[in-house]
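See below for structure13.tsv, which holds TSV, C-alpha atoms.
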chain	number	residue	atom	x	y	z
M	96	MET	CA	82.27	111.53	110.27
M	97	THR	CA	85.44	110.91	112.22
M	98	ARG	CA	88.86	111.38	110.65
M	99	LYS	CA	91.29	108.58	111.54
M	100	ARG	CA	95.00	108.29	110.82
M	101	LEU	CA	95.88	105.22	108.81
M	102	ILE	CA	99.63	105.66	108.38
M	103	ILE	CA	102.46	108.13	108.93
M	104	GLU	CA	105.62	107.79	106.88
M	105	MET	CA	108.80	109.86	107.13
M	106	GLY	CA	111.38	110.61	104.47
M	107	MET	CA	114.48	112.63	103.69
M	108	GLY	CA	115.51	114.32	100.46
M	109	ILE	CA	118.62	116.17	99.35
M	110	ASP	CA	119.42	118.58	96.55
M	111	GLN	CA	123.19	118.26	96.27
M	112	HIS	CA	123.49	120.61	93.30
M	113	GLY	CA	121.33	123.52	92.29
M	114	GLN	CA	120.27	124.72	95.74
M	115	GLU	CA	116.56	124.13	95.04
M	116	PRO	CA	114.44	123.60	98.17
M	117	THR	CA	111.60	122.30	95.97
M	118	VAL	CA	113.83	119.47	94.74
M	119	ALA	CA	114.87	118.53	98.28
M	120	ALA	CA	111.25	118.67	99.52
M	121	ALA	CA	109.88	116.58	96.64
M	122	ARG	CA	112.61	113.98	97.16
M	123	ALA	CA	111.77	113.81	100.87
M	124	VAL	CA	108.10	113.14	100.09
M	125	ARG	CA	109.02	110.58	97.42
M	126	ASN	CA	111.32	108.85	99.92
M	127	ALA	CA	108.53	108.76	102.51
M	128	ILE	CA	106.12	106.95	100.18
M	129	ALA	CA	108.62	104.92	98.14
M	130	HIS	CA	108.13	101.58	99.88
M	131	ASN	CA	104.46	101.67	100.81
M	132	ALA	CA	101.45	99.71	99.77
M	133	LEU	CA	98.14	100.69	101.31
M	134	PRO	CA	95.76	97.74	100.93
M	135	GLY	CA	94.15	98.86	104.17
M	136	ILE	CA	92.57	101.74	102.24
M	137	TRP	CA	90.24	99.18	100.66
M	138	GLU	CA	90.38	96.17	102.98
M	139	VAL	CA	90.12	97.94	106.34
M	140	ALA	CA	88.87	101.48	105.70
M	141	GLY	CA	86.50	100.39	102.94
M	142	LEU	CA	87.27	103.20	100.50
M	143	SER	CA	86.31	102.55	96.89
M	144	ASP	CA	88.60	105.18	95.35
M	145	PRO	CA	92.16	106.08	96.46
M	146	ASN	CA	91.32	109.76	95.99
M	147	GLN	CA	88.99	109.49	99.00
M	148	MET	CA	91.97	109.32	101.36
M	149	ILE	CA	93.22	112.55	102.88
M	150	VAL	CA	96.98	113.03	102.58
M	151	GLU	CA	98.61	115.70	104.72
M	152	VAL	CA	102.27	116.43	104.06
M	153	LYS	CA	104.54	118.37	106.39
M	154	VAL	CA	108.03	119.30	105.18
M	155	ALA	CA	110.83	121.05	107.03
M	156	VAL	CA	113.29	122.51	104.54
M	157	PRO	CA	115.70	125.43	104.29
M	158	TYR	CA	114.07	128.41	102.54
M	159	PRO	CA	110.47	127.08	102.62
M	160	GLU	CA	109.21	130.32	101.05
M	161	LYS	CA	110.94	129.27	97.81
M	162	VAL	CA	109.22	125.87	97.57
M	163	ARG	CA	106.88	125.39	94.63
M	164	GLU	CA	104.09	123.57	96.47
M	165	GLU	CA	102.34	122.07	93.44
M	166	GLU	CA	105.57	120.29	92.41
M	167	VAL	CA	105.94	118.71	95.85
M	168	LEU	CA	102.30	117.55	95.95
M	169	ALA	CA	102.60	116.15	92.41
M	170	VAL	CA	104.80	113.39	93.87
M	171	LEU	CA	101.68	111.92	95.52
M	172	PRO	CA	99.68	109.80	93.07
M	173	PHE	CA	96.33	109.95	94.90
M	174	GLY	CA	94.38	111.63	97.63
M	175	GLN	CA	93.03	114.94	98.79
M	176	LYS	CA	96.44	116.52	99.28
M	177	SER	CA	97.67	119.37	101.45
M	178	LEU	CA	101.13	120.65	102.25
M	179	SER	CA	102.52	122.59	105.17
M	180	LEU	CA	106.06	123.92	105.07
M	181	GLU	CA	108.34	125.08	107.84
M	182	THR	CA	111.91	126.20	108.16
M	183	GLY	CA	114.08	123.24	109.02
M	184	GLY	CA	116.11	120.54	107.44
M	185	MET	CA	119.76	121.36	107.01
M	186	VAL	CA	122.24	123.20	104.84
M	187	VAL	CA	125.48	121.26	104.43
M	188	GLN	CA	128.60	122.46	102.69
M	189	GLY	CA	129.24	120.48	99.55
M	190	ARG	CA	131.19	121.45	96.47
M	191	ALA	CA	129.90	123.75	93.75
M	192	ILE	CA	130.30	122.33	90.25
M	193	PRO	CA	129.75	125.00	87.58
M	194	ALA	CA	128.64	122.43	84.97
M	195	LEU	CA	125.71	121.53	87.28
M	196	ASN	CA	124.60	125.16	87.60
M	197	ASP	CA	125.48	125.39	91.28
M	198	LYS	CA	125.06	128.86	92.77
M	199	ASN	CA	127.26	128.00	95.78
M	200	ASP	CA	128.57	125.02	97.80
M	201	ASP	CA	125.30	124.44	99.68
M	202	MET	CA	123.48	121.09	99.73
M	203	LEU	CA	119.89	121.32	100.99
M	204	VAL	CA	118.38	118.59	103.15
M	205	ALA	CA	114.62	118.31	103.73
M	206	VAL	CA	112.60	116.01	105.99
M	207	ALA	CA	108.98	115.07	105.41
M	208	ALA	CA	106.12	113.40	107.24
M	209	VAL	CA	103.25	112.09	105.12
M	210	THR	CA	100.07	111.25	107.02
M	211	VAL	CA	97.15	109.42	105.44
M	212	TYR	CA	93.72	109.86	107.00
M	213	VAL	CA	90.36	108.29	106.21
M	214	ASP	CA	86.92	109.51	107.17
M	215	SER	CA	84.78	106.85	108.82

Please rewrite the model in this file as structure tokens.
Amino acid sequence: MTRKRLIIEMGMGIDQHGQEPTVAAARAVRNAIAHNALPGIWEVAGLSDPNQMIVEVKVAVPYPEKVREEEVLAVLPFGQKSLSLETGGMVVQGRAIPALNDKNDDMLVAVAAVTVYVDS
């Protein structure tokens, strides 16, 4: 079988309060897939089940070692999912609000690329 890329989508996510890289990463993935429909999975690739597609996610985020991977992948409704993390994104100075449990003024920005493959 040959693995072929069907689509690549990019997204950005921010955690403005709480300084949670998992939140920023999950929002980036959600943003990447938010406006997609994949009828080509059935009509072109001929899959009978959306869980047959292979979904590879790459996220660049500050503090990737703190990301809870299962929470990021849970954003994806279907597929054989995998996640790779790397240091990246951005830390931007915001404003800590004690009522929102901020630890400091940092806002975390993550970027994601979601690639869907099919085996043919």

Using only C-alpha atoms, which of the listed residues (M:Pro193, M:Ala119, M:Trp137, M:Val150) sits closest to Leu171 (chain M)?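 Between M:Pro193, M:Ala119, M:Trp137, M:Val150, the residue approaching Leu171 (chain M) most closely is M:Val150.
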
With all atoms listed in the file as the basis for distance, which of M:Ala169, M:Val154, M:Ala205, M:Ile102 is at the shortest distance from Gly135 (chain M)?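 Closest to Gly135 (chain M) of all the choices is M:Ile102.
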
Env of Gly108 (chain M): 10 Å cut, atoms = all atoms listed in the file, seq-sep filter 3 positions within chain, self excluded. Answer as a VMD selection string. chain M and resid 111 116 to 127 156 184 203 to 207

Among the residues M:Lys198, M:His130, M:Arg163, M:Lys176, the one that comes closest to Glu151 (chain M) [using all atoms listed in the file]: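 Of M:Lys198, M:His130, M:Arg163, M:Lys176, the one nearest Glu151 (chain M), counting all atoms listed in the file, is M:Lys176.
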
Counting all atoms listed in the file, which of M:Asp214, M:Glu165, M:Asp144, M:Glu160 gets nearest to Glu115 (chain M)?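 Checking each candidate against Glu115 (chain M), we get M:Glu160 as the closest.
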
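We find CA of Leu180 (chain M) and CA of Lys153 (chain M) to be spaced 5.9 Å apart.
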
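Taking CA of Val170 (chain M) and CA of Met185 (chain M) as the two end points, the separation is 21.4 Å.
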
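You will find CA of Ala132 (chain M) at 15.9 Å from CA of Gln147 (chain M).
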